[in-house]
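A.B. asks: Okay, so here is work_1.cif, and as you'll see once you scroll down, it has mmCIF, C-alpha atoms.
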data_target
loop_
_atom_site.label_atom_id
_atom_site.label_comp_id
_atom_site.auth_asym_id
_atom_site.auth_seq_id
_atom_site.Cartn_x
_atom_site.Cartn_y
_atom_site.Cartn_z
CA MET A 1 3.93 -35.62 0.66
CA ALA A 2 0.62 -35.47 -1.08
CA LEU A 3 -2.38 -33.85 0.56
CA SER A 4 -4.10 -36.78 2.24
CA LYS A 5 -7.75 -36.89 3.17
CA ASN A 6 -7.02 -36.62 6.88
CA ALA A 7 -4.35 -33.91 6.73
CA TRP A 8 -6.55 -31.29 8.40
CA LEU A 9 -7.57 -33.59 11.23
CA THR A 10 -3.97 -34.69 11.79
CA GLY A 11 -2.95 -31.04 11.83
CA LEU A 12 -5.53 -30.20 14.48
CA ARG A 13 -4.46 -33.11 16.69
CA TYR A 14 -0.76 -32.23 16.40
CA LYS A 15 0.23 -30.46 19.61
CA GLY A 16 2.73 -27.89 18.40
CA GLY A 17 1.85 -25.29 21.03
CA GLY A 18 2.00 -21.52 20.74
CA THR A 19 4.83 -21.42 18.23
CA MET A 20 2.89 -23.69 15.87
CA ILE A 21 -0.13 -21.39 16.14
CA THR A 22 2.01 -18.42 15.06
CA TRP A 23 3.28 -20.49 12.10
CA LEU A 24 -0.30 -21.36 11.14
CA LEU A 25 -1.55 -17.77 11.52
CA HIS A 26 1.46 -16.51 9.52
CA ARG A 27 0.52 -18.79 6.62
CA ILE A 28 -3.23 -18.14 6.75
CA GLY A 29 -2.66 -14.39 7.03
CA GLY A 30 -0.12 -14.42 4.21
CA LEU A 31 -2.46 -16.27 1.86
CA ALA A 32 -5.34 -14.00 2.84
CA MET A 33 -3.21 -10.96 2.01
CA VAL A 34 -2.23 -12.38 -1.40
CA VAL A 35 -5.92 -12.82 -2.21
CA PHE A 36 -6.82 -9.39 -0.79
CA VAL A 37 -4.03 -7.44 -2.50
CA GLY A 38 -4.55 -9.32 -5.78
CA PHE A 39 -8.25 -8.46 -5.90
CA HIS A 40 -7.59 -4.91 -4.68
CA ILE A 41 -5.00 -4.14 -7.40
CA SER A 42 -7.30 -5.65 -10.03
CA ALA A 43 -10.26 -3.65 -8.68
CA SER A 44 -8.28 -0.38 -8.87
CA PHE A 45 -7.21 -1.24 -12.41
CA PHE A 46 -10.79 -1.98 -13.51
CA THR A 47 -12.04 1.26 -11.94
CA GLN A 48 -9.28 3.50 -13.28
CA GLN A 49 -8.70 2.07 -16.74
CA LEU A 50 -12.03 0.53 -17.72
CA GLY A 51 -14.49 2.52 -15.58
CA SER A 52 -16.04 -0.76 -14.48
CA ASN A 53 -18.43 -1.09 -11.53
CA VAL A 54 -16.87 -4.43 -10.52
CA GLY A 55 -13.94 -2.59 -8.95
CA VAL A 56 -16.25 -0.26 -7.02
CA PHE A 57 -18.16 -3.28 -5.70
CA ILE A 58 -14.97 -5.10 -4.61
CA ASN A 59 -13.61 -2.00 -2.89
CA SER A 60 -16.92 -1.42 -1.09
CA ILE A 61 -16.43 -4.84 0.59
CA TYR A 62 -12.92 -3.83 1.65
CA GLU A 63 -14.14 -0.59 3.22
CA SER A 64 -16.54 -2.39 5.56
CA PRO A 65 -15.40 -2.22 9.23
CA TYR A 66 -15.84 -5.97 9.77
CA PHE A 67 -13.52 -6.74 6.89
CA GLN A 68 -11.02 -4.15 8.17
CA ILE A 69 -10.92 -5.76 11.63
CA VAL A 70 -9.99 -9.14 10.10
CA LEU A 71 -7.49 -7.56 7.71
CA TYR A 72 -5.77 -5.57 10.50
CA PHE A 73 -5.29 -8.84 12.40
CA PHE A 74 -3.65 -10.57 9.44
CA VAL A 75 -1.45 -7.63 8.40
CA ILE A 76 -0.23 -6.59 11.86
CA PHE A 77 0.30 -10.18 12.98
CA HIS A 78 2.16 -11.10 9.78
CA ALA A 79 4.40 -8.03 10.15
CA ILE A 80 5.31 -8.62 13.81
CA ASN A 81 5.69 -12.38 13.43
CA GLY A 82 7.80 -11.93 10.31
CA PHE A 83 10.04 -9.49 12.18
CA ARG A 84 10.49 -12.09 14.95
CA ILE A 85 11.43 -14.73 12.34
CA ILE A 86 13.96 -12.38 10.71
CA ILE A 87 15.54 -11.57 14.11
CA MET A 88 15.75 -15.27 15.02
CA ASP A 89 17.27 -16.17 11.64
CA THR A 90 19.83 -13.38 11.91
CA PHE A 91 20.83 -14.30 15.49
CA PRO A 92 20.40 -18.11 15.68
CA LYS A 93 21.33 -18.14 19.38
CA LEU A 94 17.90 -16.62 20.06
CA LEU A 95 16.22 -19.83 18.80
CA GLU A 96 16.68 -21.10 22.35
CA TYR A 97 14.24 -18.41 23.55
CA GLN A 98 11.62 -18.98 20.86
CA ARG A 99 8.77 -19.43 23.35
CA GLU A 100 9.64 -16.26 25.23
CA LEU A 101 9.95 -14.32 21.96
CA THR A 102 6.53 -15.60 20.94
CA TRP A 103 5.05 -14.31 24.19
CA LEU A 104 6.84 -10.98 23.63
CA GLU A 105 5.33 -10.89 20.14
CA TRP A 106 1.79 -11.23 21.55
CA ILE A 107 2.57 -8.53 24.15
CA ILE A 108 3.52 -6.17 21.29
CA PHE A 109 0.68 -7.31 19.04
CA ILE A 110 -2.29 -7.08 21.43
CA PRO A 111 -2.07 -3.30 22.23
CA ILE A 112 -1.54 -2.31 18.58
CA TYR A 113 -4.33 -4.54 17.29
CA GLY A 114 -6.60 -3.81 20.25
CA LEU A 115 -6.33 -0.06 19.71
CA SER A 116 -7.09 -0.43 15.97
CA VAL A 117 -10.16 -2.58 16.71
CA PHE A 118 -11.30 -0.20 19.46
CA ILE A 119 -11.14 2.84 17.16
CA THR A 120 -12.84 0.93 14.30
CA ILE A 121 -15.72 -0.19 16.55
CA MET A 122 -16.12 3.28 18.08
CA ARG A 123 -16.39 4.78 14.58
CA LEU A 124 -18.92 2.10 13.64
CA PHE A 125 -21.10 3.10 16.61
CA ALA A 126 -20.61 6.82 15.95
CA ASN A 127 -21.67 6.49 12.30
CA GLY A 128 -24.62 4.24 13.16
CA MET B 1 21.51 -26.47 25.22
CA ARG B 2 23.26 -24.34 22.61
CA ALA B 3 22.09 -23.29 19.18
CA ARG B 4 22.91 -25.85 16.51
CA THR B 5 25.56 -24.94 13.96
CA VAL B 6 24.11 -24.68 10.49
CA PRO B 7 26.35 -25.54 7.51
CA GLN B 8 26.92 -22.85 4.88
CA PRO B 9 24.11 -23.25 2.34
CA ALA B 10 24.82 -23.63 -1.35
CA ILE B 11 23.47 -20.89 -3.59
CA SER B 12 20.24 -22.33 -4.96
CA PHE B 13 16.87 -21.01 -6.06
CA GLU B 14 15.33 -21.88 -2.71
CA TYR B 15 18.18 -20.16 -0.81
CA ILE B 16 17.91 -16.99 -2.92
CA MET B 17 14.14 -16.85 -2.40
CA TRP B 18 14.57 -17.54 1.35
CA MET B 19 16.96 -14.59 1.55
CA PHE B 20 14.70 -12.45 -0.65
CA THR B 21 11.74 -13.11 1.67
CA ARG B 22 13.71 -11.75 4.65
CA ILE B 23 15.10 -8.73 2.79
CA SER B 24 11.77 -7.79 1.19
CA GLY B 25 9.98 -8.28 4.52
CA LEU B 26 12.38 -5.85 6.22
CA ALA B 27 12.07 -3.43 3.30
CA LEU B 28 8.25 -3.48 3.51
CA LEU B 29 8.36 -2.85 7.27
CA PHE B 30 10.79 0.02 6.73
CA LEU B 31 8.75 1.58 3.90
CA GLY B 32 5.57 1.26 5.97
CA PHE B 33 7.15 3.08 8.91
CA LEU B 34 8.62 5.66 6.52
CA GLY B 35 5.20 6.43 5.04
CA LEU B 36 3.67 6.62 8.52
CA ALA B 37 6.43 8.92 9.82
CA ILE B 38 6.33 11.33 6.86
CA ALA B 39 2.51 11.43 7.00
CA LEU B 40 2.66 12.36 10.69
CA ILE B 41 5.28 15.04 9.92
CA MET B 42 2.86 16.39 7.27
CA ASN B 43 0.22 16.90 9.99
CA ALA B 44 -1.64 13.60 9.47
CA ARG B 45 -2.71 13.78 13.12
CA ASN B 46 -5.20 16.54 12.24
CA LEU B 47 -5.86 15.76 8.58
CA LEU B 48 -6.46 11.98 8.53
CA ASP B 49 -8.48 9.57 10.64
CA MET B 50 -7.13 6.20 11.80
CA PRO B 51 -8.37 3.91 8.98
CA THR B 52 -7.17 6.42 6.36
CA LEU B 53 -3.74 6.66 8.00
CA ALA B 54 -3.59 2.83 8.10
CA ARG B 55 -4.44 2.67 4.39
CA TRP B 56 -1.73 5.25 3.64
CA THR B 57 0.79 3.29 5.73
CA PHE B 58 0.09 0.08 3.81
CA PHE B 59 0.37 1.80 0.43
CA PRO B 60 0.99 5.59 0.01
CA ASN B 61 -1.42 6.09 -2.90
CA PRO B 62 -3.46 9.33 -3.26
CA ASN B 63 -6.60 7.19 -3.78
CA HIS B 64 -6.14 5.94 -0.20
CA ILE B 65 -6.56 9.44 1.27
CA VAL B 66 -9.66 10.67 -0.55
CA ASP B 67 -11.61 10.52 2.75
CA SER B 68 -9.50 13.14 4.49
CA LYS B 69 -9.31 16.84 5.29
CA ILE B 70 -6.27 17.36 3.05
CA PRO B 71 -7.03 20.51 0.98
CA ASP B 72 -4.76 19.65 -1.95
CA VAL B 73 -3.09 16.23 -2.24
CA THR B 74 -0.60 17.50 -4.80
CA GLN B 75 1.03 19.51 -1.97
CA GLY B 76 3.28 16.71 -0.67
CA TRP B 77 0.90 13.73 -0.75
CA ALA B 78 0.91 12.89 -4.49
CA ASN B 79 4.19 13.33 -6.35
CA ALA B 80 7.00 11.41 -8.04
CA TYR B 81 8.60 10.55 -4.70
CA TRP B 82 5.53 8.64 -3.53
CA GLN B 83 5.14 7.04 -6.96
CA ILE B 84 8.67 5.62 -6.70
CA VAL B 85 7.97 4.45 -3.12
CA GLU B 86 4.75 2.83 -4.37
CA MET B 87 6.63 1.04 -7.17
CA VAL B 88 9.19 -0.33 -4.70
CA ILE B 89 6.44 -1.44 -2.30
CA ALA B 90 4.46 -3.03 -5.16
CA PHE B 91 7.52 -4.91 -6.45
CA PHE B 92 8.55 -6.20 -3.01
CA GLY B 93 4.97 -6.90 -1.90
CA ILE B 94 3.88 -8.79 -5.01
CA SER B 95 7.12 -10.80 -5.20
CA HIS B 96 7.08 -11.59 -1.46
CA GLY B 97 3.41 -12.59 -1.54
CA LEU B 98 3.47 -14.75 -4.66
CA ASN B 99 6.70 -16.44 -3.52
CA GLY B 100 4.93 -17.21 -0.23
CA LEU B 101 2.01 -18.66 -2.20
CA ARG B 102 4.51 -20.84 -4.13
CA VAL B 103 6.13 -22.06 -0.89
CA VAL B 104 2.77 -22.97 0.67
CA ILE B 105 1.54 -24.77 -2.47
CA GLU B 106 4.80 -26.69 -2.89
CA ASP B 107 4.59 -27.80 0.75
CA PHE B 108 1.41 -29.64 -0.21
CA ILE B 109 2.09 -30.91 -3.73
CA GLY B 110 5.75 -31.89 -3.19
CA ASN B 111 8.15 -32.68 -6.02
CA THR B 112 5.63 -33.85 -8.62
CA ILE B 113 4.79 -32.91 -12.19
CA TRP B 114 2.57 -30.17 -10.77
CA GLN B 115 5.56 -28.22 -9.41
CA PRO B 116 6.83 -26.72 -12.70
CA MET B 117 3.26 -26.04 -13.82
CA ILE B 118 2.43 -24.19 -10.60
CA ARG B 119 5.68 -22.23 -10.91
CA GLY B 120 4.74 -21.22 -14.44
CA VAL B 121 1.26 -20.10 -13.39
CA ILE B 122 2.67 -18.11 -10.44
CA PHE B 123 5.27 -16.46 -12.68
CA LEU B 124 2.51 -15.36 -15.06
CA MET B 125 0.49 -14.06 -12.11
CA TRP B 126 3.59 -12.15 -10.92
CA LEU B 127 4.03 -10.55 -14.35
CA PHE B 128 0.31 -9.70 -14.56
CA PHE B 129 0.19 -8.04 -11.13
CA ILE B 130 3.45 -6.09 -11.67
CA ILE B 131 2.09 -4.60 -14.92
CA ILE B 132 -1.36 -3.89 -13.42
CA ALA B 133 0.23 -2.26 -10.35
CA LEU B 134 2.44 -0.04 -12.53
CA TYR B 135 -0.64 1.08 -14.46
CA VAL B 136 -2.50 1.91 -11.23
CA ILE B 137 0.47 3.79 -9.74
CA LEU B 138 1.18 5.89 -12.82
CA ALA B 139 -2.50 6.66 -13.49
CA SER B 140 -3.51 7.73 -9.95
#
Starting from the coordinates I provided, produce the structure as structure tokens.
C.D. replies:
Amino acid sequence: MALSKNAWLTGLRYKGGGTMITWLLHRIGGLAMVVFVGFHISASFFTQQLGSNVGVFINSIYESPYFQIVLYFFVIFHAINGFRIIIMDTFPKLLEYQRELTWLEWIIFIPIYGLSVFITIMRLFANG
Amino acid sequence: MRARTVPQPAISFEYIMWMFTRISGLALLFLGFLGLAIALIMNARNLLDMPTLARWTFFPNPNHIVDSKIPDVTQGWANAYWQIVEMVIAFFGISHGLNGLRVVIEDFIGNTIWQPMIRGVIFLMWLFFIIIALYVILAS
């Protein structure tokens, strides 16, 4: 299947429900992490081995609280969703309860992510 | 409704990488929790703040804890043990991530002439990032 011109529109119209949203977020978050970790390793290499300012500039973007809030979402969601996928693949009988497991996943995700965002925002206000 | 019975898969590249994704995912979760637990045992509650502890959990590198109240990182926070843990995390993380990139790209391009070319490019990227990561781990 080649990437057709209307693939994005078709994807938006496709009503996969909550489980499709987790699939989509898993992919987007995974790709975002590949880009992030790739640039981050390269930045550390440039700083340590070549003494270049490019690495310092890239890492200064990563230390911004706004970037951290987005990154926490991708990392924590990818970890919890991946754990759900591994559990369902190991015990295929649980596939029957995929919707319930997806709700359970959000119940676990929201407090962990919410607390991280809360602390990040409080620090942002405290530091001005 | 009962779960469908899945036939025994043949050993193929896709099957090995499917299995590797699960095993490396579990290993990364385990190593993350291990780093978090040992940091908390080493009094991270008083020495680190939340973003620093999160950075350490993702990758236990001494550069990740420069913004902390740790008096001397060589006392438990930077040694050969953490370097080995970092190498394992780097290997699993880079392989897991670039294999995921391959899966997503091949979902779009399908079985065309682009497939072996993309695989070659991703293999070179894998080699590049493994070497770069080893340099960073051993030099920090």
A.B. asks: Please find the residues of chain A near chain B - the criterion being any atom within 8 Å, counting all atoms listed in the file - and write them as a ChimeraX atom specification.
C.D. replies: /A:1-3,27,30-31,33-34,38,41-42,44-45,48,79,82-83,86,92-96,116,119-120
A.B. asks: If you measure from CA of His26 (chain A) to CA of Val75 (chain A), what distance in Å do you get, rounded to one decimal?
C.D. replies: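 About the pair CA of His26 (chain A) and CA of Val75 (chain A): they are 9.4 Å apart.
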A.B. asks: Work out how far CA of Thr74 (chain B) is from CA of Pro62 (chain B), in Å to one decimal.
C.D. replies: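 Between these atoms lies a distance of 8.8 Å.
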A.B. asks: One decimal, Å: what's the distance from CA of Ala43 (chain A) over to CA of Asn59 (chain A), could you say?
C.D. replies: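 CA of Asn59 (chain A) lies 6.9 Å from CA of Ala43 (chain A).
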A.B. asks: Near Gly32 (chain B), counting all atoms listed in the file, which residues have an atom at most 9 Å away, once you skip same-chain residues fewer than 4 positions from it, shown as a list in words?
C.D. replies: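 Everything that qualifies: Ala27, Leu28, Leu36, Ala37, Trp56, Thr57, Phe58, Phe59, Pro60 and Ile89 of chain B.
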A.B. asks: Any chance you could work out the residue set of the PyMOL selection byres ((chain B and resi 69) around 8) here, as a ChimeraX atom specification?
C.D. replies: /B:47-48,67-68,70-71
